[in-house]
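Participant: Next comes the structure file coords35.cif, holding mmCIF, C-alpha atoms and all ligand atoms.
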data_protein
loop_
_atom_site.group_PDB
_atom_site.id
_atom_site.type_symbol
_atom_site.label_atom_id
_atom_site.label_comp_id
_atom_site.auth_asym_id
_atom_site.auth_seq_id
_atom_site.Cartn_x
_atom_site.Cartn_y
_atom_site.Cartn_z
ATOM 1 C CA MET T 927 95.215 100.215 105.990
ATOM 2 C CA THR T 928 97.859 97.488 105.873
ATOM 3 C CA ALA T 929 98.989 98.344 102.352
ATOM 4 C CA PRO T 930 100.761 101.659 103.172
ATOM 5 C CA VAL T 931 102.510 100.091 106.146
ATOM 6 C CA ARG T 932 103.721 97.253 103.984
ATOM 7 C CA ILE T 933 104.904 99.666 101.306
ATOM 8 C CA VAL T 934 106.775 101.865 103.782
ATOM 9 C CA ALA T 935 108.364 98.798 105.340
ATOM 10 C CA ALA T 936 109.394 97.625 101.887
ATOM 11 C CA ALA T 937 110.803 101.062 101.139
ATOM 12 C CA LEU T 938 112.841 101.099 104.325
ATOM 13 C CA LEU T 939 114.223 97.648 103.555
ATOM 14 C CA VAL T 940 115.346 98.882 100.174
ATOM 15 C CA VAL T 941 117.561 101.541 101.728
ATOM 16 C CA PRO T 942 120.469 99.468 103.090
ATOM 17 C CA VAL T 943 120.610 97.515 99.850
ATOM 18 C CA ALA T 944 120.782 100.702 97.821
ATOM 19 C CA LEU T 945 123.383 102.223 100.126
ATOM 20 C CA SER T 946 125.699 99.244 100.051
ATOM 21 C CA GLY T 947 125.205 98.503 96.375
ATOM 22 C CA THR T 948 125.374 101.998 94.895
ATOM 23 C CA ALA T 949 128.392 104.130 94.205
ATOM 24 C CA PHE T 950 127.006 107.637 94.575
ATOM 25 C CA ALA T 951 128.108 110.278 92.122
ATOM 26 C CA ALA T 952 129.686 113.322 93.788
ATOM 27 C CA ASP T 953 126.838 115.437 92.485
ATOM 28 C CA PRO T 954 124.062 113.078 91.392
ATOM 29 C CA GLY T 955 121.503 114.351 88.906
ATOM 30 C CA GLY T 956 117.775 114.250 89.542
ATOM 31 C CA ALA T 957 117.236 110.897 87.842
ATOM 32 C CA ALA T 958 120.003 109.285 89.932
ATOM 33 C CA ILE T 959 118.547 110.670 93.179
ATOM 34 C CA ALA T 960 115.103 109.356 92.229
ATOM 35 C CA ALA T 961 116.471 105.890 91.515
ATOM 36 C CA ASN T 962 119.231 105.537 94.135
ATOM 37 C CA GLY T 963 118.749 108.186 96.813
ATOM 38 C CA THR T 964 121.680 110.191 98.134
ATOM 39 C CA GLU T 965 124.832 109.479 100.068
ATOM 40 C CA ALA T 966 123.521 111.633 102.947
ATOM 41 C CA GLY T 967 120.782 109.062 103.457
ATOM 42 C CA ALA T 968 117.786 110.093 101.373
ATOM 43 C CA PRO T 969 116.177 106.843 100.234
ATOM 44 C CA PRO T 970 115.357 106.330 96.558
ATOM 45 C CA CYS T 971 112.268 108.436 95.853
ATOM 46 C CA ALA T 972 111.097 105.710 93.462
ATOM 47 C CA SER T 973 110.666 103.236 96.314
ATOM 48 C CA CYS T 974 107.638 105.207 97.506
ATOM 49 C CA HIS T 975 106.651 107.459 94.596
ATOM 50 C CA GLY T 976 106.754 104.723 91.941
ATOM 51 C CA GLU T 977 109.332 103.835 89.330
ATOM 52 C CA HIS T 978 108.412 106.801 87.116
ATOM 53 C CA GLY T 979 106.969 109.114 89.763
ATOM 54 C CA GLU T 980 103.439 107.877 89.098
ATOM 55 C CA GLY T 981 102.740 107.506 92.845
ATOM 56 C CA GLN T 982 101.061 104.624 94.657
ATOM 57 C CA PRO T 983 97.293 105.268 94.830
ATOM 58 C CA GLU T 984 96.791 102.386 97.278
ATOM 59 C CA GLY T 985 98.918 104.282 99.793
ATOM 60 C CA PRO T 986 99.647 107.878 100.886
ATOM 61 C CA PHE T 987 102.361 108.317 98.227
ATOM 62 C CA PRO T 988 101.554 111.110 95.745
ATOM 63 C CA ARG T 989 102.286 111.306 92.080
ATOM 64 C CA LEU T 990 105.253 113.623 91.347
ATOM 65 C CA ALA T 991 105.578 113.169 87.559
ATOM 66 C CA GLY T 992 104.561 116.217 85.553
ATOM 67 C CA ILE T 993 104.074 118.509 88.576
ATOM 68 C CA ASP T 994 105.671 121.966 88.403
ATOM 69 C CA ALA T 995 109.292 122.007 89.604
ATOM 70 C CA GLY T 996 108.891 125.236 91.582
ATOM 71 C CA TYR T 997 105.993 123.733 93.532
ATOM 72 C CA LEU T 998 107.908 120.506 94.268
ATOM 73 C CA VAL T 999 111.011 122.419 95.442
ATOM 74 C CA GLN T 1000 108.886 124.572 97.743
ATOM 75 C CA GLN T 1001 107.309 121.465 99.296
ATOM 76 C CA LEU T 1002 110.740 119.885 99.825
ATOM 77 C CA HIS T 1003 111.975 123.036 101.593
ATOM 78 C CA ASP T 1004 108.805 123.073 103.703
ATOM 79 C CA PHE T 1005 109.210 119.400 104.675
ATOM 80 C CA ALA T 1006 112.862 120.040 105.617
ATOM 81 C CA SER T 1007 112.010 123.080 107.767
ATOM 82 C CA GLY T 1008 108.976 121.378 109.302
ATOM 83 C CA LYS T 1009 106.641 124.044 107.908
ATOM 84 C CA ARG T 1010 104.840 121.116 106.227
ATOM 85 C CA ALA T 1011 104.745 118.335 108.809
ATOM 86 C CA SER T 1012 105.403 114.761 107.652
ATOM 87 C CA ASP T 1013 107.113 112.047 109.672
ATOM 88 C CA ILE T 1014 108.024 110.325 106.411
ATOM 89 C CA MET T 1015 109.071 113.232 104.167
ATOM 90 C CA GLY T 1016 110.728 115.364 106.893
ATOM 91 C CA PRO T 1017 113.811 113.158 107.241
ATOM 92 C CA VAL T 1018 113.944 112.510 103.479
ATOM 93 C CA ALA T 1019 113.960 116.242 102.672
ATOM 94 C CA LYS T 1020 116.539 116.999 105.370
ATOM 95 C CA ALA T 1021 118.899 114.563 103.634
ATOM 96 C CA LEU T 1022 118.787 116.618 100.396
ATOM 97 C CA SER T 1023 120.902 119.699 99.683
ATOM 98 C CA ALA T 1024 119.183 122.697 98.066
ATOM 99 C CA GLY T 1025 120.838 121.776 94.766
ATOM 100 C CA GLN T 1026 119.625 118.195 95.016
ATOM 101 C CA MET T 1027 116.084 119.401 95.707
ATOM 102 C CA THR T 1028 116.175 121.468 92.523
ATOM 103 C CA ALA T 1029 117.666 118.605 90.502
ATOM 104 C CA VAL T 1030 115.173 115.970 91.620
ATOM 105 C CA ALA T 1031 112.209 118.378 91.305
ATOM 106 C CA SER T 1032 113.234 119.256 87.740
ATOM 107 C CA TYR T 1033 113.579 115.566 86.947
ATOM 108 C CA TYR T 1034 110.041 114.806 88.121
ATOM 109 C CA ALA T 1035 108.532 117.943 86.574
ATOM 110 C CA THR T 1036 109.757 116.852 83.160
ATOM 111 C CA SER T 1037 108.885 113.142 83.617
ATOM 112 C CA SER T 1038 105.717 111.718 82.217
ATOM 113 C CA ALA T 1039 103.946 108.588 83.348
ATOM 114 C CA PRO T 1040 100.400 107.399 82.863
ATOM 115 C CA LYS T 1041 98.045 107.727 85.812
ATOM 116 C CA ALA T 1042 98.652 104.867 88.249
ATOM 117 C CA ALA T 1043 95.592 102.650 88.652
ATOM 118 C CA GLU T 1044 93.292 103.366 91.572
ATOM 119 C CA PRO T 1045 92.859 100.393 93.944
ATOM 120 C CA ASN T 1046 89.050 100.664 93.715
ATOM 121 C CA PRO T 1047 86.813 101.734 90.822
ATOM 122 C CA LEU T 1048 85.802 105.379 91.197
ATOM 123 C CA ASP T 1049 82.158 106.069 91.979
ATOM 124 C CA GLU T 1050 80.625 107.719 88.893
ATOM 125 C CA THR T 1051 78.126 109.748 90.917
ATOM 126 C CA ALA T 1052 80.930 111.132 93.083
ATOM 127 C CA VAL T 1053 83.035 111.934 89.989
ATOM 128 C CA ALA T 1054 80.133 113.859 88.435
ATOM 129 C CA ALA T 1055 79.411 115.805 91.641
ATOM 130 C CA GLY T 1056 83.125 116.527 91.983
ATOM 131 C CA GLU T 1057 83.323 117.824 88.427
ATOM 132 C CA THR T 1058 80.524 120.323 89.096
ATOM 133 C CA LEU T 1059 82.206 121.617 92.260
ATOM 134 C CA ALA T 1060 85.623 121.692 90.637
ATOM 135 C CA GLN T 1061 84.478 123.587 87.540
ATOM 136 C CA ARG T 1062 81.793 125.847 89.036
ATOM 137 C CA GLY T 1063 82.246 125.961 92.800
ATOM 138 C CA ASP T 1064 79.177 126.743 94.880
ATOM 139 C CA TRP T 1065 78.600 130.429 95.416
ATOM 140 C CA SER T 1066 75.791 129.824 97.911
ATOM 141 C CA ARG T 1067 78.529 128.551 100.247
ATOM 142 C CA GLY T 1068 81.230 130.985 99.147
ATOM 143 C CA LEU T 1069 83.142 128.086 97.582
ATOM 144 C CA PRO T 1070 85.206 129.112 94.559
ATOM 145 C CA ALA T 1071 85.700 126.715 91.655
ATOM 146 C CA CYS T 1072 88.886 124.692 92.121
ATOM 147 C CA ALA T 1073 89.546 125.395 88.423
ATOM 148 C CA GLN T 1074 89.923 129.127 89.178
ATOM 149 C CA CYS T 1075 93.253 128.389 90.831
ATOM 150 C CA HIS T 1076 94.235 124.898 89.645
ATOM 151 C CA GLY T 1077 93.395 125.522 85.983
ATOM 152 C CA PRO T 1078 90.902 123.832 83.671
ATOM 153 C CA ASN T 1079 90.780 120.090 84.365
ATOM 154 C CA GLY T 1080 93.270 120.522 87.207
ATOM 155 C CA VAL T 1081 96.260 120.922 84.893
ATOM 156 C CA GLY T 1082 97.958 123.282 87.366
ATOM 157 C CA VAL T 1083 99.003 126.930 87.039
ATOM 158 C CA GLY T 1084 102.659 127.802 87.562
ATOM 159 C CA ALA T 1085 104.559 127.069 90.750
ATOM 160 C CA SER T 1086 101.808 128.173 93.135
ATOM 161 C CA PHE T 1087 98.799 126.122 92.052
ATOM 162 C CA PRO T 1088 99.747 122.468 91.684
ATOM 163 C CA LYS T 1089 98.418 120.054 89.115
ATOM 164 C CA LEU T 1090 95.675 117.836 90.527
ATOM 165 C CA ALA T 1091 94.714 115.848 87.418
ATOM 166 C CA GLY T 1092 95.674 112.219 87.861
ATOM 167 C CA GLN T 1093 96.717 112.607 91.511
ATOM 168 C CA SER T 1094 95.357 109.755 93.620
ATOM 169 C CA MET T 1095 91.985 109.776 95.323
ATOM 170 C CA GLU T 1096 93.549 108.851 98.678
ATOM 171 C CA TYR T 1097 96.245 111.534 98.542
ATOM 172 C CA ILE T 1098 93.863 114.341 97.493
ATOM 173 C CA SER T 1099 91.345 113.533 100.203
ATOM 174 C CA ALA T 1100 94.116 113.145 102.808
ATOM 175 C CA GLN T 1101 95.465 116.623 101.989
ATOM 176 C CA LEU T 1102 92.008 118.246 102.106
ATOM 177 C CA LYS T 1103 91.375 116.606 105.500
ATOM 178 C CA ALA T 1104 94.818 117.699 106.711
ATOM 179 C CA TRP T 1105 93.897 121.322 105.905
ATOM 180 C CA GLN T 1106 90.536 120.931 107.634
ATOM 181 C CA ALA T 1107 92.308 119.583 110.739
ATOM 182 C CA LYS T 1108 94.970 122.352 110.502
ATOM 183 C CA GLN T 1109 97.677 119.712 110.086
ATOM 184 C CA ARG T 1110 98.767 121.128 106.717
ATOM 185 C CA THR T 1111 99.360 124.839 107.098
ATOM 186 C CA ASN T 1112 102.061 125.710 104.567
ATOM 187 C CA ASP T 1113 99.763 127.087 101.859
ATOM 188 C CA PRO T 1114 100.388 130.719 100.883
ATOM 189 C CA LEU T 1115 97.843 133.137 102.412
ATOM 190 C CA GLY T 1116 95.842 130.219 103.813
ATOM 191 C CA LEU T 1117 94.163 129.876 100.410
ATOM 192 C CA MET T 1118 93.611 126.120 100.688
ATOM 193 C CA ALA T 1119 92.701 126.188 104.377
ATOM 194 C CA ASN T 1120 89.890 128.559 103.458
ATOM 195 C CA VAL T 1121 88.658 126.338 100.606
ATOM 196 C CA ALA T 1122 88.945 123.076 102.569
ATOM 197 C CA ALA T 1123 87.016 124.505 105.523
ATOM 198 C CA ARG T 1124 83.967 124.909 103.263
ATOM 199 C CA LEU T 1125 83.965 121.296 102.035
ATOM 200 C CA SER T 1126 81.761 118.586 103.556
ATOM 201 C CA ASP T 1127 83.060 114.993 103.771
ATOM 202 C CA LYS T 1128 80.935 114.211 100.717
ATOM 203 C CA ASP T 1129 82.494 117.117 98.801
ATOM 204 C CA VAL T 1130 85.993 115.888 99.684
ATOM 205 C CA THR T 1131 85.202 112.429 98.333
ATOM 206 C CA ALA T 1132 83.634 113.951 95.217
ATOM 207 C CA VAL T 1133 86.449 116.324 94.230
ATOM 208 C CA ALA T 1134 89.089 113.701 95.055
ATOM 209 C CA ALA T 1135 87.292 111.154 92.847
ATOM 210 C CA TYR T 1136 86.926 113.713 90.052
ATOM 211 C CA TYR T 1137 90.604 114.697 89.943
ATOM 212 C CA ALA T 1138 91.694 111.054 90.292
ATOM 213 C CA SER T 1139 89.516 110.258 87.256
ATOM 214 C CA LEU T 1140 91.372 112.650 84.938
ATOM 215 C CA PRO T 1141 94.277 111.584 82.764
ATOM 216 C CA ALA T 1142 97.535 112.679 84.343
ATOM 217 C CA ASP T 1143 99.356 113.752 81.228
ATOM 218 C CA GLU T 1144 96.746 116.170 79.905
ATOM 219 C CA THR T 1145 98.357 119.564 79.497
ATOM 220 C CA SER T 1146 95.586 121.535 77.855
ATOM 221 C CA ALA T 1147 91.909 122.143 78.488
ATOM 222 C CA SER T 1148 89.684 119.304 77.334
ATOM 223 C CA SER T 1149 86.856 117.357 78.856
ATOM 224 C CA THR T 1150 88.309 113.951 78.007
ATOM 225 C CA LYS T 1151 88.257 111.556 80.908
ATOM 226 C CA GLY T 1152 90.004 108.286 81.146
ATOM 227 C CA ALA T 1153 92.692 106.411 83.037
ATOM 228 C CA ARG T 1154 90.450 104.817 85.608
HETATM 229 C C1 LIG X 1201 109.390 106.219 102.586
HETATM 230 C C2 LIG X 1201 108.525 106.723 101.531
HETATM 231 C C3 LIG X 1201 108.958 107.983 100.785
HETATM 232 C C4 LIG X 1201 110.177 108.226 100.175
HETATM 233 C C5 LIG X 1201 111.402 107.330 100.143
HETATM 234 C C6 LIG X 1201 110.053 109.510 99.533
HETATM 235 N N1 LIG X 1201 108.796 110.029 99.741
HETATM 236 FE FE1 LIG X 1201 108.111 111.835 99.109
HETATM 237 N N2 LIG X 1201 106.332 111.534 100.052
HETATM 238 C C7 LIG X 1201 106.022 110.424 100.798
HETATM 239 C C8 LIG X 1201 104.720 110.621 101.412
HETATM 240 C C9 LIG X 1201 103.977 109.649 102.321
HETATM 241 C C10 LIG X 1201 104.257 111.894 101.005
HETATM 242 C C11 LIG X 1201 102.945 112.597 101.408
HETATM 243 C C12 LIG X 1201 103.222 113.427 102.641
HETATM 244 C C13 LIG X 1201 101.989 114.113 103.155
HETATM 245 O O1 LIG X 1201 100.951 113.452 103.261
HETATM 246 O O2 LIG X 1201 102.048 115.313 103.433
HETATM 247 C C14 LIG X 1201 105.294 112.435 100.148
HETATM 248 C C15 LIG X 1201 105.217 113.696 99.541
HETATM 249 C C16 LIG X 1201 106.210 114.227 98.734
HETATM 250 C C17 LIG X 1201 106.127 115.507 98.070
HETATM 251 C C18 LIG X 1201 104.950 116.465 98.095
HETATM 252 C C19 LIG X 1201 104.144 116.283 96.820
HETATM 253 C C20 LIG X 1201 102.977 117.223 96.676
HETATM 254 O O3 LIG X 1201 102.231 117.063 95.694
HETATM 255 O O4 LIG X 1201 102.793 118.134 97.504
HETATM 256 C C21 LIG X 1201 107.308 115.681 97.391
HETATM 257 C C22 LIG X 1201 107.709 116.873 96.554
HETATM 258 C C23 LIG X 1201 108.120 114.497 97.623
HETATM 259 N N3 LIG X 1201 107.418 113.632 98.444
HETATM 260 C C24 LIG X 1201 109.372 114.299 97.063
HETATM 261 C C25 LIG X 1201 110.184 113.196 97.332
HETATM 262 C C26 LIG X 1201 111.532 113.050 96.824
HETATM 263 C C27 LIG X 1201 112.220 114.039 95.897
HETATM 264 C C28 LIG X 1201 112.022 111.875 97.323
HETATM 265 C C29 LIG X 1201 113.396 111.265 97.130
HETATM 266 C C30 LIG X 1201 114.536 112.092 97.498
HETATM 267 C C31 LIG X 1201 110.954 111.290 98.134
HETATM 268 N N4 LIG X 1201 109.865 112.117 98.116
HETATM 269 C C32 LIG X 1201 111.060 110.100 98.814
HETATM 270 C C33 LIG X 1201 106.795 109.290 100.958
HETATM 271 C C34 LIG X 1201 108.109 109.134 100.515
HETATM 272 C C1 LIG X 1202 92.141 130.509 95.773
HETATM 273 C C2 LIG X 1202 92.963 129.548 95.064
HETATM 274 C C3 LIG X 1202 92.640 128.059 95.258
HETATM 275 C C4 LIG X 1202 91.414 127.452 95.086
HETATM 276 C C5 LIG X 1202 90.092 128.069 94.692
HETATM 277 C C6 LIG X 1202 91.655 126.037 95.298
HETATM 278 N N1 LIG X 1202 92.977 125.813 95.589
HETATM 279 FE FE1 LIG X 1202 93.831 124.004 95.986
HETATM 280 N N2 LIG X 1202 95.641 124.895 96.242
HETATM 281 C C7 LIG X 1202 95.877 126.254 96.186
HETATM 282 C C8 LIG X 1202 97.271 126.517 96.504
HETATM 283 C C9 LIG X 1202 97.954 127.881 96.567
HETATM 284 C C10 LIG X 1202 97.869 125.255 96.754
HETATM 285 C C11 LIG X 1202 99.338 124.978 97.107
HETATM 286 C C12 LIG X 1202 99.511 124.991 98.595
HETATM 287 C C13 LIG X 1202 100.966 124.905 99.007
HETATM 288 O O1 LIG X 1202 101.814 125.525 98.361
HETATM 289 O O2 LIG X 1202 101.225 124.200 99.984
HETATM 290 C C14 LIG X 1202 96.815 124.265 96.595
HETATM 291 C C15 LIG X 1202 97.001 122.910 96.783
HETATM 292 C C16 LIG X 1202 96.007 121.957 96.693
HETATM 293 C C17 LIG X 1202 96.177 120.544 96.942
HETATM 294 C C18 LIG X 1202 97.474 119.858 97.343
HETATM 295 C C19 LIG X 1202 98.134 119.272 96.117
HETATM 296 C C20 LIG X 1202 99.387 118.535 96.430
HETATM 297 O O3 LIG X 1202 100.036 118.097 95.469
HETATM 298 O O4 LIG X 1202 99.737 118.358 97.607
HETATM 299 C C21 LIG X 1202 94.967 119.951 96.754
HETATM 300 C C22 LIG X 1202 94.643 118.473 96.903
HETATM 301 C C23 LIG X 1202 94.035 120.989 96.383
HETATM 302 N N3 LIG X 1202 94.695 122.197 96.358
HETATM 303 C C24 LIG X 1202 92.701 120.766 96.069
HETATM 304 C C25 LIG X 1202 91.787 121.768 95.762
HETATM 305 C C26 LIG X 1202 90.389 121.515 95.494
HETATM 306 C C27 LIG X 1202 89.744 120.146 95.467
HETATM 307 C C28 LIG X 1202 89.812 122.734 95.272
HETATM 308 C C29 LIG X 1202 88.359 123.037 95.015
HETATM 309 C C30 LIG X 1202 87.386 122.515 95.995
HETATM 310 C C31 LIG X 1202 90.861 123.734 95.384
HETATM 311 N N4 LIG X 1202 92.037 123.104 95.673
HETATM 312 C C32 LIG X 1202 90.663 125.086 95.226
HETATM 313 C C33 LIG X 1202 94.951 127.233 95.848
HETATM 314 C C34 LIG X 1202 93.598 127.022 95.593
#
In structure tokens, what does this structure look like?

Facilitator:
Amino acid sequence: MTAPVRIVAAALLVVPVALSGTAFAADPGGAAIAANGTEAGAPPCASCHGEHGEGQPEGPFPRLAGIDAGYLVQQLHDFASGKRASDIMGPVAKALSAGQMTAVASYYATSSAPKAAEPNPLDETAVAAGETLAQRGDWSRGLPACAQCHGPNGVGVGASFPKLAGQSMEYISAQLKAWQAKQRTNDPLGLMANVAARLSDKDVTAVAAYYASLPADETSASSTKGAR
């Protein structure tokens, strides 16, 4: 667990450099916010979320590229209000105006980047078990298929059901565990809390491995796997 600490420390070190070296535009666009941060003190998103929003799978930093703008904006509002608790993202989101949230979310939603490499090879058995759960669910346990809400191959459905394909194994399992522990509670109607409560530790590993195994830039249904 030293990697995330090192990355956060590196990100924090980047801030003063960016602040002293950057002339901020009066109303920076999404790409400028991602690369330079904001005058109000939001650090460059890229320092944690990767140069092209691909995320850092060896740490807790999710992929943002290609995820629906409406979903990203909602999460930023929830971080700012504290409805979604995060010691790291809370202060970042509070340093963004509503307009800047929309601009940076639109920038990432329309960005594409290949799936960032996982730090460890994914376990094929876990990927296969995860695929079965994700596509079919398990009715004997009242567990719906993830695909019913997140779309075929986790491509995402509108602003409510985020894309999971190509998200990192660590981030997906951390979010599922956060719902199980009632640390993440901002999901509409408790839909994810209900799903997560029915997952065993093995299931969490399996579905996280499955979604991390999918190519990130897939936009239509297909069973192609890659980008390991
Ligand atoms: C210091 C590191 C850091 C910086 C800088 C940072 N983030 Fe984050 N971000 C994180 C972490 C860690 C998480 C995961 C939080 C959690 O586990 O709930 C996250 C999560 C998010 C999410 C939620 C994604 C999802 O799929 O639900 C969004 C949206 C986001 N960040 C946007 C931004 C934007 C926009 C910026 C730049 C203005 C930014 N972040 C800067 C570390 C950072
Ligand atoms: C009944 C609909 C529904 C089902 C079924 C469902 N989800 Fe979700 N999921 C949601 C919603 C809604 C959100 C967005 C929550 C929010 O807005 O904070 C979400 C968010 C997530 C996230 C967070 C993504 C991010 O970027 O932070 C993960 C991970 C996730 N779901 C995994 C799963 C897995 C794995 C399954 C299957 C075991 C599953 N979901 C089944 C509705 C569902």

Participant: Please determine, counting only C-alpha atoms, which residue among T:Gln1109, T:Glu977, T:Thr1058, T:Leu1140 has the shortest atom-to-atom distance to Pro1070 in chain T.

Facilitator: T:Thr1058

Participant: Could you jot down the atom C19 of ligand LIG 1202 (chain X) to CA of Tyr997 in chain T separation for me, Å, one decimal place?

Facilitator: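 Between atom C19 of ligand LIG 1202 (chain X) and CA of Tyr997 in chain T the gap is 9.4 Å.
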
Participant: Which residues of chain T come within 6 Å of ligand LIG 1202 (chain X), and for each one, what is the closest pair of atoms and their distance in Å to one decimal, counting all atoms listed in the file, sorted by chain and residue number, as a tab-separated table?

Facilitator:
residue	atom	partner	partner_atom	distance
T:Ala1060	CA	X:LIG1202	C29	5.3
T:Pro1070	CA	X:LIG1202	C5	5.0
T:Ala1071	CA	X:LIG1202	C5	5.5
T:Cys1072	CA	X:LIG1202	C29	3.4
T:Gln1074	CA	X:LIG1202	C5	5.6
T:Cys1075	CA	X:LIG1202	C2	4.4
T:Ser1086	CA	X:LIG1202	C9	5.2
T:Phe1087	CA	X:LIG1202	C8	4.7
T:Pro1088	CA	X:LIG1202	C19	5.7
T:Ile1098	CA	X:LIG1202	C22	4.2
T:Gln1101	CA	X:LIG1202	C22	5.5
T:Leu1102	CA	X:LIG1202	C22	5.8
T:Asn1112	CA	X:LIG1202	O2	4.9
T:Asp1113	CA	X:LIG1202	O2	3.7
T:Pro1114	CA	X:LIG1202	C9	5.7
T:Leu1117	CA	X:LIG1202	C1	5.1
T:Met1118	CA	X:LIG1202	N2	5.0
T:Val1121	CA	X:LIG1202	C32	5.9
T:Val1133	CA	X:LIG1202	C27	5.2

Participant: With a distance cut-off of 12 Å and only C-alpha atoms, select the neighbouring residues of Asp1127 in chain T, excluding the residue or stretch itself and same-chain residues fewer than 5 positions from it, and output the selection as a PDB file with C-alpha atoms, in the frame of the given file.

Facilitator:
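Generated file (selection-v4.pdb):
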ATOM      1  CA  ALA T1052      80.930 111.132  93.083  1.00  0.00           C
ATOM      2  CA  GLY T1056      83.125 116.527  91.983  1.00  0.00           C
ATOM      3  CA  SER T1099      91.345 113.533 100.203  1.00  0.00           C
ATOM      4  CA  ALA T1100      94.116 113.145 102.808  1.00  0.00           C
ATOM      5  CA  LEU T1102      92.008 118.246 102.106  1.00  0.00           C
ATOM      6  CA  LYS T1103      91.375 116.606 105.500  1.00  0.00           C
ATOM      7  CA  GLN T1106      90.536 120.931 107.634  1.00  0.00           C
ATOM      8  CA  ALA T1122      88.945 123.076 102.569  1.00  0.00           C
ATOM      9  CA  ALA T1132      83.634 113.951  95.217  1.00  0.00           C
ATOM     10  CA  VAL T1133      86.449 116.324  94.230  1.00  0.00           C
ATOM     11  CA  ALA T1134      89.089 113.701  95.055  1.00  0.00           C
TER      12      ALA T1134
END

Participant: Could you check how far CA of Gly1025 in chain T sits from CA of His1003 in chain T, in Å to one decimal?

Facilitator: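 About the pair CA of Gly1025 in chain T and CA of His1003 in chain T: they are 11.3 Å apart.
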
Participant: When you draw a straight line from CA of Ala991 in chain T to CA of Glu1050 in chain T, how long is it in Å?

Facilitator: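 Calculated distance between CA of Ala991 in chain T and CA of Glu1050 in chain T is 25.6 Å.
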
Participant: Once 6 Å is added on each side, what are the centre and the three edge lengths, in Å to one decimal, of the axis-aligned box enclosing the listed atoms of ligand LIG 1201 (chain X)? Present them as AutoDock Vina command-line options.

Facilitator:
--center_x 107.7 --center_y 112.2 --center_z 99.6 --size_x 25.6 --size_y 23.9 --size_z 19.7

Participant: What residues come out when you apply the PyMOL selection byres (((chain T and resi 1039) around 8) and not hetatm) to this file, written as a list in words?

Facilitator: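 Selected by the PyMOL selection byres (((chain T and resi 1039) around 8) and not hetatm) here: His978, Gly979, Glu980, Ala991, Gly992, Ser1037, Ser1038, Pro1040, Lys1041, Ala1142 and Asp1143 of chain T.
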
Participant: Since I can't run it myself right now, could you work out what the PyMOL selection byres (((chain T and resi 1022) around 9) and not hetatm) selects here and report it as a list in words?

Facilitator: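 Expected selection for the PyMOL selection byres (((chain T and resi 1022) around 9) and not hetatm) here is Thr964, Ala966, Gly967, Ala968, Leu1002, Ala1006, Val1018, Ala1019, Lys1020, Ala1021, Ser1023, Ala1024, Gly1025, Gln1026 and Met1027 of chain T.
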
Participant: Between T:Gly1092, T:Gly1063, T:Gly1077, T:Pro1045, which residue has the minimum interatomic distance to ligand LIG 1201 (chain X), considering only C-alpha atoms and all ligand atoms?

Facilitator: T:Gly1092

Participant: Out of T:Gly956, T:Ala1054, T:Thr1111, T:Ala1042, which residue has the shortest atom-to-atom distance to Gly976 in chain T when counting all atoms listed in the file?

Facilitator: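 Checking each of T:Gly956, T:Ala1054, T:Thr1111, T:Ala1042 against Gly976 in chain T, counting all atoms listed in the file, the winner is T:Ala1042.
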
Participant: Using all atoms listed in the file, find the one residue out of T:Ser1007, T:Ser1012, T:Gln982, T:Asn1046 that sits nearest to ligand LIG 1201 (chain X).

Facilitator: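 Nearest candidate to ligand LIG 1201 (chain X) out of T:Ser1007, T:Ser1012, T:Gln982, T:Asn1046: T:Ser1012.
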
Participant: So, with all atoms listed in the file as the atoms that count, which of T:Met1095, T:Ala1073, T:Ala1104, T:Ala1123 lies closest to ligand LIG 1201 (chain X)?

Facilitator: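 Counting all atoms listed in the file, the residue closest to ligand LIG 1201 (chain X) is T:Ala1104.
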
Participant: Using all atoms listed in the file for the distances, tell me which of T:Arg1062, T:Arg1010, T:Arg1067, T:Lys1089 is nearest to Arg989 in chain T.

Facilitator: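 For Arg989 in chain T, the nearest of the given residues is T:Lys1089.
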
Participant: Hey, what's within 6 Å of range 970-974 of chain T if we count all atoms listed in the file and toss same-chain stuff fewer than 5 positions away? As number ranges by chain, please?

Facilitator: T: 937, 960-963

Participant: Residue by residue, what does the PyMOL selection byres (((chain T and resi 983-985) around 6) and not hetatm) grab here? Present the result as a compact mmCIF listing (two decimals) with C-alpha atoms, keeping the file's coordinate frame.

Facilitator:
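Saved as expr.txt:
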# COMPACT_ATOMS: atom_id res chain seq x y z
CA PRO T 930 100.76 101.66 103.17
CA GLN T 982 101.06 104.62 94.66
CA PRO T 986 99.65 107.88 100.89
CA PHE T 987 102.36 108.32 98.23
CA GLU T 1044 93.29 103.37 91.57
CA PRO T 1045 92.86 100.39 93.94
CA SER T 1094 95.36 109.76 93.62
